[in-house]
file start_26.tsv (TSV, C-alpha atoms)
chain	number	residue	atom	x	y	z
O	1	MET	CA	24.22	-1.43	57.57
O	2	ALA	CA	25.75	-3.22	60.42
O	3	GLY	CA	28.92	-5.11	59.93
O	4	SER	CA	31.49	-7.02	61.86
O	5	HIS	CA	34.17	-4.42	61.33
O	6	GLY	CA	34.54	-2.60	64.58
O	7	SER	CA	31.92	-0.42	66.13
O	8	TRP	CA	30.84	1.55	63.11
O	9	THR	CA	27.32	1.03	61.85
O	10	GLY	CA	25.62	2.45	58.79
O	11	GLY	CA	28.72	4.37	57.67
O	12	SER	CA	29.25	6.26	60.97
O	13	LEU	CA	32.72	6.30	62.45
O	14	THR	CA	34.09	6.56	65.93
O	15	ALA	CA	37.43	8.09	66.86
O	16	ARG	CA	38.86	4.59	67.21
O	17	ASP	CA	37.72	3.62	63.73
O	18	LEU	CA	39.45	6.65	62.26
O	19	LEU	CA	42.75	5.14	63.28
O	20	ARG	CA	41.94	2.05	61.22
O	21	PRO	CA	42.12	2.99	57.54
O	22	LYS	CA	40.31	-0.18	56.40
O	23	HIS	CA	37.28	0.63	58.54
O	24	ALA	CA	37.37	4.27	57.51
O	25	ALA	CA	37.56	3.32	53.82
O	26	ARG	CA	34.59	0.97	54.07
O	27	ALA	CA	32.48	3.54	55.89
O	28	ALA	CA	33.45	6.23	53.37
O	29	PHE	CA	33.26	4.29	50.09
O	30	HIS	CA	30.62	1.69	50.90
O	31	PRO	CA	27.96	3.57	52.90
O	32	ALA	CA	24.61	2.11	53.85
O	33	TRP	CA	22.69	3.66	50.94
O	34	ILE	CA	24.54	1.53	48.37
O	35	PRO	CA	22.33	-1.48	47.52
O	36	GLU	CA	23.76	-4.91	48.12
O	37	SER	CA	24.19	-7.38	45.29
O	38	ILE	CA	21.08	-9.38	44.40
O	39	ASP	CA	22.96	-12.38	43.03
O	40	PRO	CA	26.01	-14.17	44.51
O	41	ALA	CA	27.23	-15.01	41.01
O	42	VAL	CA	27.16	-11.32	40.06
O	43	GLU	CA	29.16	-10.55	43.20
O	44	GLN	CA	31.83	-13.04	42.14
O	45	LEU	CA	31.94	-11.48	38.67
O	46	LYS	CA	32.50	-8.08	40.28
O	47	LYS	CA	35.58	-9.35	42.10
O	48	ILE	CA	37.10	-10.72	38.90
O	49	ARG	CA	36.26	-7.51	37.07
O	50	LEU	CA	37.87	-5.51	39.86
O	51	ILE	CA	41.12	-7.44	39.61
O	52	ALA	CA	41.26	-6.95	35.85
O	53	GLY	CA	40.50	-3.24	36.26
O	54	THR	CA	43.30	-2.89	38.80
O	55	VAL	CA	45.69	-4.38	36.28
O	56	ALA	CA	44.71	-1.69	33.81
O	57	ALA	CA	44.91	1.16	36.34
O	58	VAL	CA	48.23	0.30	37.99
O	59	GLY	CA	50.01	-1.11	34.96
O	60	VAL	CA	51.27	-4.62	35.52
O	61	TYR	CA	53.86	-4.16	32.81
O	62	THR	CA	55.95	-2.20	35.34
O	63	PHE	CA	56.74	-5.52	37.03
O	64	VAL	CA	57.91	-7.05	33.77
O	65	GLU	CA	60.33	-4.29	32.81
O	66	GLY	CA	62.88	-5.44	35.36
O	67	GLY	CA	61.54	-3.93	38.54
O	68	PHE	CA	58.62	-2.11	40.04
O	69	ALA	CA	58.42	1.44	38.65
O	70	PHE	CA	57.10	3.38	41.62
O	71	ASP	CA	57.01	6.76	39.87
O	72	GLU	CA	55.15	5.25	36.92
O	73	MET	CA	52.60	3.71	39.26
O	74	LEU	CA	51.95	7.15	40.80
O	75	GLU	CA	51.58	8.60	37.34
O	76	ASN	CA	49.08	5.91	36.43
O	77	MET	CA	47.11	6.66	39.58
O	78	LEU	CA	46.83	10.32	38.65
O	79	THR	CA	45.83	9.40	35.10
O	80	ALA	CA	43.17	7.06	36.39
O	81	SER	CA	41.85	9.82	38.66
O	82	VAL	CA	41.51	12.24	35.76
O	83	VAL	CA	39.79	9.60	33.64
O	84	LEU	CA	37.36	8.79	36.44
O	85	LEU	CA	36.64	12.45	37.14
O	86	PHE	CA	35.57	13.15	33.56
O	87	ILE	CA	34.40	9.90	32.04
O	88	THR	CA	32.10	8.86	34.89
O	89	PRO	CA	29.83	11.95	34.75
O	90	LEU	CA	29.96	11.90	30.93
O	91	THR	CA	28.88	8.26	30.71
O	92	VAL	CA	26.13	8.73	33.28
O	93	GLY	CA	24.94	11.85	31.44
O	94	ILE	CA	24.61	9.90	28.19
O	95	MET	CA	22.59	7.22	29.93
O	96	LEU	CA	20.33	9.88	31.45
O	97	LEU	CA	19.51	11.08	27.94
O	98	VAL	CA	18.66	7.49	26.98
O	99	TRP	CA	16.44	6.99	30.05
O	100	LYS	CA	14.74	10.36	29.59
O	101	ARG	CA	12.81	8.96	26.62
O	102	ASP	CA	11.06	6.43	28.86
O	103	GLY	CA	10.43	8.40	32.05
O	104	ASP	CA	11.29	11.24	34.38
O	105	ILE	CA	14.90	11.41	35.52
O	106	ARG	CA	14.40	13.95	38.31
O	107	ALA	CA	13.83	11.14	40.80
O	108	LEU	CA	17.41	9.96	40.11
O	109	LYS	CA	19.00	13.14	41.46
O	110	PRO	CA	19.53	11.96	45.08
O	111	PRO	CA	21.48	8.78	44.19
O	112	LEU	CA	23.37	10.64	41.47
O	113	PHE	CA	24.43	13.32	43.95
O	114	ASN	CA	25.57	10.68	46.44
O	115	SER	CA	27.62	8.95	43.74
O	116	LEU	CA	29.20	12.26	42.74
O	117	LYS	CA	30.29	12.90	46.33
O	118	LEU	CA	31.96	9.48	46.45
O	119	LEU	CA	33.73	10.18	43.16
O	120	LEU	CA	35.10	13.51	44.38
O	121	LEU	CA	36.18	11.99	47.70
O	122	PHE	CA	38.02	9.15	46.00
O	123	VAL	CA	39.77	11.34	43.42
O	124	GLY	CA	40.76	13.84	46.11
O	125	SER	CA	42.19	11.05	48.26
O	126	ILE	CA	44.28	9.74	45.36
O	127	VAL	CA	45.66	13.18	44.50
O	128	LEU	CA	46.54	13.89	48.14
O	129	THR	CA	48.23	10.50	48.51
O	130	VAL	CA	50.30	10.94	45.35
O	131	VAL	CA	51.38	14.44	46.35
O	132	LEU	CA	52.48	13.26	49.79
O	133	LEU	CA	54.33	10.26	48.36
O	134	GLN	CA	56.20	12.47	45.91
O	135	SER	CA	57.08	14.99	48.63
O	136	THR	CA	58.54	12.42	51.02
O	137	ALA	CA	61.72	12.22	48.95
O	138	ALA	CA	62.53	15.85	49.75
O	139	ALA	CA	60.91	15.95	53.15
O	140	GLY	CA	64.12	15.53	55.11
O	141	LEU	CA	63.40	15.89	58.80
O	142	PHE	CA	59.66	16.08	58.15
O	143	LEU	CA	59.70	12.52	56.84
O	144	LEU	CA	59.00	11.14	60.31
O	145	LEU	CA	55.96	13.38	60.60
O	146	LEU	CA	54.63	12.60	57.13
O	147	ALA	CA	55.25	8.87	57.18
O	148	PRO	CA	52.29	7.89	59.41
O	149	MET	CA	49.91	10.06	57.39
O	150	VAL	CA	51.20	8.68	54.09
O	151	ILE	CA	50.88	5.09	55.27
O	152	TRP	CA	47.35	5.71	56.54
O	153	LEU	CA	46.33	7.37	53.27
O	154	ALA	CA	47.91	4.63	51.16
O	155	VAL	CA	45.93	1.94	52.98
O	156	PHE	CA	42.81	4.11	52.91
O	157	VAL	CA	43.04	4.65	49.15
O	158	GLY	CA	43.91	1.02	48.44
O	159	ARG	CA	40.99	-0.28	50.45
O	160	GLY	CA	38.73	2.40	49.03
O	161	ALA	CA	39.71	1.39	45.50
O	162	TRP	CA	38.50	-2.13	46.27
O	163	HIS	CA	35.06	-0.89	47.36
O	164	VAL	CA	34.81	1.68	44.58
O	165	GLY	CA	35.74	-0.90	41.97
O	166	ALA	CA	32.96	-3.18	43.16
O	167	ASN	CA	30.15	-0.62	43.42
O	168	PHE	CA	31.66	2.09	41.17
O	169	PHE	CA	30.81	5.01	43.46
O	170	GLY	CA	27.44	3.53	44.36
O	171	THR	CA	26.04	3.96	40.86
O	172	ALA	CA	24.15	0.69	41.36
O	173	GLY	CA	21.78	2.83	43.42
O	174	VAL	CA	20.92	4.62	40.18
O	175	HIS	CA	20.91	1.58	37.88
O	176	ARG	CA	22.25	-1.92	38.46
O	177	CYS	CA	23.94	-1.97	35.05
O	178	LEU	CA	25.91	1.25	35.55
O	179	PRO	CA	28.88	-0.28	37.46
O	180	PRO	CA	29.81	-2.81	34.73
O	181	LEU	CA	29.27	-0.18	32.04
O	182	LEU	CA	31.51	2.38	33.77
O	183	ALA	CA	34.17	-0.24	34.46
O	184	THR	CA	34.26	-1.15	30.77
O	185	VAL	CA	34.49	2.45	29.56
O	186	THR	CA	37.17	3.35	32.11
O	187	THR	CA	39.49	0.43	31.36
O	188	TRP	CA	39.33	1.05	27.62
O	189	LEU	CA	40.13	4.73	28.09
O	190	MET	CA	43.10	3.76	30.25
O	191	ALA	CA	44.42	1.55	27.45
O	192	LEU	CA	43.71	3.95	24.56
O	193	PRO	CA	46.83	6.18	24.96
O	194	ASP	CA	49.15	3.18	24.73
O	195	LEU	CA	47.18	1.77	21.80
O	196	LEU	CA	47.21	5.04	19.87
O	197	THR	CA	50.86	5.86	20.50
O	198	GLY	CA	52.12	2.29	20.15
O	199	ASP	CA	54.06	2.64	23.40
O	200	LEU	CA	54.70	-0.92	24.59
O	201	HIS	CA	56.90	0.23	27.49
O	202	GLY	CA	59.89	-1.76	26.36
O	203	LEU	CA	57.99	-5.00	25.94
O	204	SER	CA	57.83	-7.17	22.85
O	205	LEU	CA	54.85	-6.85	20.54
O	206	GLY	CA	53.13	-9.96	21.87
O	207	MET	CA	53.69	-9.11	25.54
O	208	GLY	CA	52.76	-5.48	25.00
O	209	VAL	CA	49.46	-6.34	23.33
O	210	LEU	CA	48.77	-8.91	26.04
O	211	PHE	CA	49.26	-6.48	28.93
O	212	ILE	CA	47.64	-3.50	27.22
O	213	LEU	CA	44.56	-5.25	25.82
O	214	GLY	CA	44.27	-8.06	28.35
O	215	ALA	CA	42.68	-5.98	31.09
O	216	PRO	CA	40.05	-4.10	29.03
O	217	VAL	CA	39.07	-7.21	27.09
O	218	THR	CA	38.68	-9.19	30.32
O	219	VAL	CA	36.69	-6.41	32.00
O	220	THR	CA	34.42	-6.08	28.95
O	221	ALA	CA	33.71	-9.81	28.81
O	222	ILE	CA	32.91	-9.97	32.52
O	223	ALA	CA	30.77	-6.82	32.37
O	224	LEU	CA	28.73	-8.20	29.46
O	225	THR	CA	28.24	-11.47	31.35
O	226	GLU	CA	27.14	-9.53	34.42
O	227	MET	CA	24.62	-7.41	32.50
O	228	ARG	CA	23.31	-10.43	30.62
O	229	ARG	CA	22.69	-12.26	33.89
O	230	LEU	CA	20.87	-9.22	35.30
O	231	ASP	CA	18.71	-9.14	32.20
O	232	GLN	CA	17.86	-12.84	32.02
O	233	ARG	CA	17.30	-13.50	35.72
O	234	TYR	CA	15.91	-10.18	36.96
O	235	GLY	CA	14.73	-8.29	33.87
O	236	ILE	CA	17.18	-5.40	34.44
O	237	ARG	CA	18.24	-3.86	31.13
O	238	LEU	CA	20.75	-1.07	30.63
O	239	LYS	CA	18.60	0.93	28.20
O	240	ALA	CA	15.45	0.72	30.33
O	241	HIS	CA	14.60	3.51	32.75
O	242	PRO	CA	15.33	2.41	36.35
O	243	ALA	CA	11.83	3.34	37.51
O	244	ALA	CA	10.22	1.34	34.68
O	245	GLN	CA	11.77	-1.92	35.85
O	246	ALA	CA	10.31	-4.12	38.54
O	247	PRO	CA	12.37	-4.23	41.72
O	248	PRO	CA	14.64	-7.28	41.69
O	249	VAL	CA	13.47	-10.17	43.79
O	250	PRO	CA	16.27	-12.08	45.50
O	251	PRO	CA	16.28	-15.84	44.89
O	252	MET	CA	14.12	-17.90	47.22
O	253	PRO	CA	16.01	-19.82	49.90
O	254	PRO	CA	16.03	-23.61	49.50
O	255	MET	CA	13.22	-25.46	51.20
O	256	PRO	CA	14.19	-27.53	54.25
O	257	PRO	CA	14.20	-31.31	53.73
O	258	HIS	CA	11.56	-31.83	56.41
O	259	THR	CA	8.93	-29.30	57.34
O	260	PRO	CA	8.87	-28.86	61.11
O	261	ALA	CA	5.69	-29.66	62.95
O	262	GLY	CA	3.41	-26.79	63.75
O	263	THR	CA	4.20	-24.62	60.72
O	264	PRO	CA	1.28	-22.90	58.96
O	265	TYR	CA	2.04	-24.76	55.75
O	266	VAL	CA	1.37	-28.26	57.18
O	267	PRO	CA	-2.20	-29.47	56.49
O	268	PRO	CA	-4.31	-30.54	59.48
O	269	GLN	CA	-3.41	-33.97	60.73
O	270	GLY	CA	-5.81	-36.78	59.71
O	271	ASN	CA	-7.60	-37.22	56.40
O	272	PRO	CA	-11.39	-36.77	56.76
O	273	TYR	CA	-11.89	-39.12	53.80
O	274	GLY	CA	-9.18	-41.57	54.69
O	275	PRO	CA	-9.76	-44.98	56.26
O	276	GLY	CA	-9.99	-45.49	59.95
O	277	ALA	CA	-8.25	-48.18	61.86
O	278	GLY	CA	-8.96	-51.57	60.25
O	279	GLN	CA	-11.40	-50.40	57.56
O	280	LEU	CA	-11.11	-49.56	53.89
O	281	TYR	CA	-13.19	-46.44	53.83
O	282	HIS	CA	-13.87	-43.85	56.41
O	283	PRO	CA	-17.42	-44.22	57.75
O	284	GLY	CA	-18.01	-40.51	57.29
O	285	ASN	CA	-17.21	-40.44	53.58
O	286	PRO	CA	-20.46	-39.60	51.74
O	287	TYR	CA	-18.94	-40.77	48.43
O	288	GLY	CA	-17.67	-44.15	49.58
O	289	PRO	CA	-19.60	-47.44	49.61
O	290	PRO	CA	-21.39	-48.55	52.75
O	291	ALA	CA	-19.55	-50.25	55.53
O	292	GLY	CA	-18.67	-53.85	54.92
O	293	ASN	CA	-17.03	-55.69	52.07
O	294	PRO	CA	-17.92	-53.83	48.86
O	295	TYR	CA	-17.05	-56.88	46.72
O	296	GLY	CA	-18.83	-59.59	48.82
O	297	PRO	CA	-22.50	-60.65	48.61
O	298	PRO	CA	-25.04	-58.91	50.81
O	299	ALA	CA	-25.93	-60.31	54.19
O	300	GLY	CA	-27.98	-63.50	53.88
O	301	ASN	CA	-28.24	-66.09	51.09
O	302	PRO	CA	-28.54	-64.24	47.78
O	303	TYR	CA	-29.82	-67.41	46.01
O	304	GLY	CA	-32.47	-68.39	48.55
O	305	PRO	CA	-36.02	-67.07	48.57
O	306	PRO	CA	-36.54	-63.79	50.30
O	307	ALA	CA	-38.09	-63.74	53.70
O	308	GLY	CA	-41.82	-64.04	53.14
O	309	ASN	CA	-43.57	-64.76	49.82
O	310	PRO	CA	-44.28	-61.55	47.97
O	311	TYR	CA	-46.98	-63.42	45.90
O	312	ASN	CA	-48.82	-64.90	48.86
O	313	PRO	CA	-49.46	-62.11	51.30
O	314	TYR	CA	-51.65	-64.46	53.42
O	315	ASN	CA	-49.03	-67.13	53.85
O	316	GLN	CA	-46.01	-65.85	55.73
O	317	GLY	CA	-44.57	-69.36	56.24
O	318	ASN	CA	-43.86	-72.08	53.71
O	319	PRO	CA	-45.50	-71.20	50.40
O	320	TYR	CA	-45.87	-74.92	49.48
O	321	GLY	CA	-46.86	-76.27	52.83
O	322	PRO	CA	-50.08	-76.05	54.78
O	323	GLY	CA	-51.26	-72.78	56.09
O	324	PRO	CA	-50.93	-71.74	59.65
O	325	HIS	CA	-54.31	-73.44	60.54
O	326	GLY	CA	-53.44	-76.77	58.85
O	327	SER	CA	-55.81	-76.21	55.92

call {"tool": "encode", "arguments": {"input": "start_26.tsv", "output": "structure tokens"}}
result
Amino acid sequence: MAGSHGSWTGGSLTARDLLRPKHAARAAFHPAWIPESIDPAVEQLKKIRLIAGTVAAVGVYTFVEGGFAFDEMLENMLTASVVLLFITPLTVGIMLLVWKRDGDIRALKPPLFNSLKLLLLFVGSIVLTVVLLQSTAAAGLFLLLLAPMVIWLAVFVGRGAWHVGANFFGTAGVHRCLPPLLATVTTWLMALPDLLTGDLHGLSLGMGVLFILGAPVTVTAIALTEMRRLDQRYGIRLKAHPAAQAPPVPPMPPMPPHTPAGTPYVPPQGNPYGPGAGQLYHPGNPYGPPAGNPYGPPAGNPYGPPAGNPYNPYNQGNPYGPGPHGS
């Protein structure tokens, strides 16, 4: 998949791209085998869902408590990594049991293996970043050596989280409905500990419920809208086996206002049954009336006697006058 981001193509990286964490994150977490979105509206829904999921993962309430809690954000990142590492394979495994009733699931192994590699890479990157960030406080003289690596990893993980949140480890290559399903399950599991313990993090009841339930409720609503649109417009259903569904057909591009000359869709110029210049019917039309005025009388006087007397075959002149010899 070619892009306008440097010289990398199809997920390959050059040495120069490795110095750019944004390019490296895109090549790593959005490789060429991940299918692109089939609907622009679904793509917009993914972005909104991603923002709501980030709220649940990072914990926006840390901004409301009187300052940004950096240690708590790192703790939330580790918690999110553990949740992703266990809940993603579990959810996919349950769906495999559902799909197994309608078809063979062995054909899904390649995309599942690719998604698992992305999951492990992302979780490993988060753990390494958190460990380095926590160690910088006691690094002392090594801080100057660790700082560039920590900054690179922080940008790499942040940009990777954006891609992973949109495609959810490329699980759309397995089933188009897996990313919204996994996003919903993950955000609710992130909110469950606070809901079960009643820990509002120093906020009032109303604010606590808003920040704890706001993200999962928003993600769930967007995910349901996304799956409903996939079902209604493309016939893609979550419970249906991926191989049993017709491949989605992207929407047809709008027709141009004027068809250019010479295209194969323009009929041949000239109507074989149309009128010629200055006449009502084309002379070659076998179904049209003969040439001339179809509503006028025929040539000659219609009320006069016909030429020649049909009752006097011997008198071709005046039927009441003398014959041709004067008799």

call {"tool": "closest_residue", "arguments": {"input": "start_26.tsv", "among": "O:Tyr234, O:Gly173, O:Gly124, O:Leu210", "to": "Ala32 in chain O", "atoms": "all atoms listed in the file"}}
result
O:Gly173

call {"tool": "residues_around", "arguments": {"input": "start_26.tsv", "residues": "Pro179 in chain O", "least_positions_apart": "6", "cutoff": "7 Å", "atoms": "all atoms listed in the file", "output": "list of chain:residue names"}}
result
O:Asn167, O:Phe168, O:Thr171, O:Ala172

call {"tool": "residues_around", "arguments": {"input": "start_26.tsv", "residues": "Lys22 in chain O", "least_positions_apart": "2", "cutoff": "8 Å", "atoms": "all atoms listed in the file", "output": "JSON, numbers by chain"}}
result
{"O": [20, 24, 25, 26, 155, 156, 159, 160]}

call {"tool": "closest_residue", "arguments": {"input": "start_26.tsv", "among": "O:Thr184, O:Thr218, O:Thr129, O:Thr91", "to": "Met77 in chain O", "atoms": "all atoms listed in the file"}}
result
O:Thr129

call {"tool": "atom_distance", "arguments": {"input": "start_26.tsv", "atom1": "CA of Ile34 in chain O", "atom2": "CA of Arg176 in chain O"}}
result
10.7 Å

call {"tool": "residues_around", "arguments": {"input": "start_26.tsv", "residues": "range 40-50 of chain O", "least_positions_apart": "3", "cutoff": "9 Å", "atoms": "all atoms listed in the file", "output": "MDAnalysis selection string"}}
result
chainID O and resid 37 53:55 162 165:167 180 183 215 218:223 225:227 229:230

call {"tool": "atom_distance", "arguments": {"input": "start_26.tsv", "atom1": "CA of Pro31 in chain O", "atom2": "CA of Leu108 in chain O"}}
result
17.8 Å

call {"tool": "atom_distance", "arguments": {"input": "start_26.tsv", "atom1": "CA of Phe113 in chain O", "atom2": "CA of Leu192 in chain O"}}
result
28.9 Å

call {"tool": "closest_residue", "arguments": {"input": "start_26.tsv", "among": "O:Leu19, O:Val157, O:Ile87, O:Val185", "to": "Val127 in chain O", "atoms": "all atoms listed in the file"}}
result
O:Val157

call {"tool": "residues_around", "arguments": {"input": "start_26.tsv", "residues": "Trp188 in chain O", "least_positions_apart": "6", "cutoff": "12 Å", "atoms": "all atoms listed in the file", "output": "short mmCIF file (atom, residue, chain, number, x, y, z; two decimals) with C-alpha atoms, in the frame of the given file"}}
result
data_model
loop_
_atom_site.label_atom_id
_atom_site.label_comp_id
_atom_site.auth_asym_id
_atom_site.auth_seq_id
_atom_site.Cartn_x
_atom_site.Cartn_y
_atom_site.Cartn_z
CA ALA O 52 41.26 -6.95 35.85
CA GLY O 53 40.50 -3.24 36.26
CA ALA O 56 44.71 -1.69 33.81
CA ALA O 57 44.91 1.16 36.34
CA ALA O 80 43.17 7.06 36.39
CA VAL O 83 39.79 9.60 33.64
CA LEU O 84 37.36 8.79 36.44
CA ILE O 87 34.40 9.90 32.04
CA LEU O 181 29.27 -0.18 32.04
CA LEU O 182 31.51 2.38 33.77
CA ASP O 194 49.15 3.18 24.73
CA LEU O 195 47.18 1.77 21.80
CA LEU O 196 47.21 5.04 19.87
CA ILE O 212 47.64 -3.50 27.22
CA LEU O 213 44.56 -5.25 25.82
CA GLY O 214 44.27 -8.06 28.35
CA ALA O 215 42.68 -5.98 31.09
CA PRO O 216 40.05 -4.10 29.03
CA VAL O 217 39.07 -7.21 27.09
CA THR O 218 38.68 -9.19 30.32
CA VAL O 219 36.69 -6.41 32.00
CA THR O 220 34.42 -6.08 28.95
#

call {"tool": "closest_residue", "arguments": {"input": "start_26.tsv", "among": "O:Ser135, O:Thr187, O:Thr14, O:Ser115", "to": "Thr79 in chain O", "atoms": "only C-alpha atoms"}}
result
O:Thr187

call {"tool": "closest_residue", "arguments": {"input": "start_26.tsv", "among": "O:Trp152, O:Trp99, O:Phe211, O:Phe122", "to": "His30 in chain O", "atoms": "all atoms listed in the file"}}
result
O:Phe122

call {"tool": "closest_residue", "arguments": {"input": "start_26.tsv", "among": "O:Leu145, O:Gln245, O:Thr186, O:Arg228", "to": "Leu90 in chain O", "atoms": "only C-alpha atoms"}}
result
O:Thr186
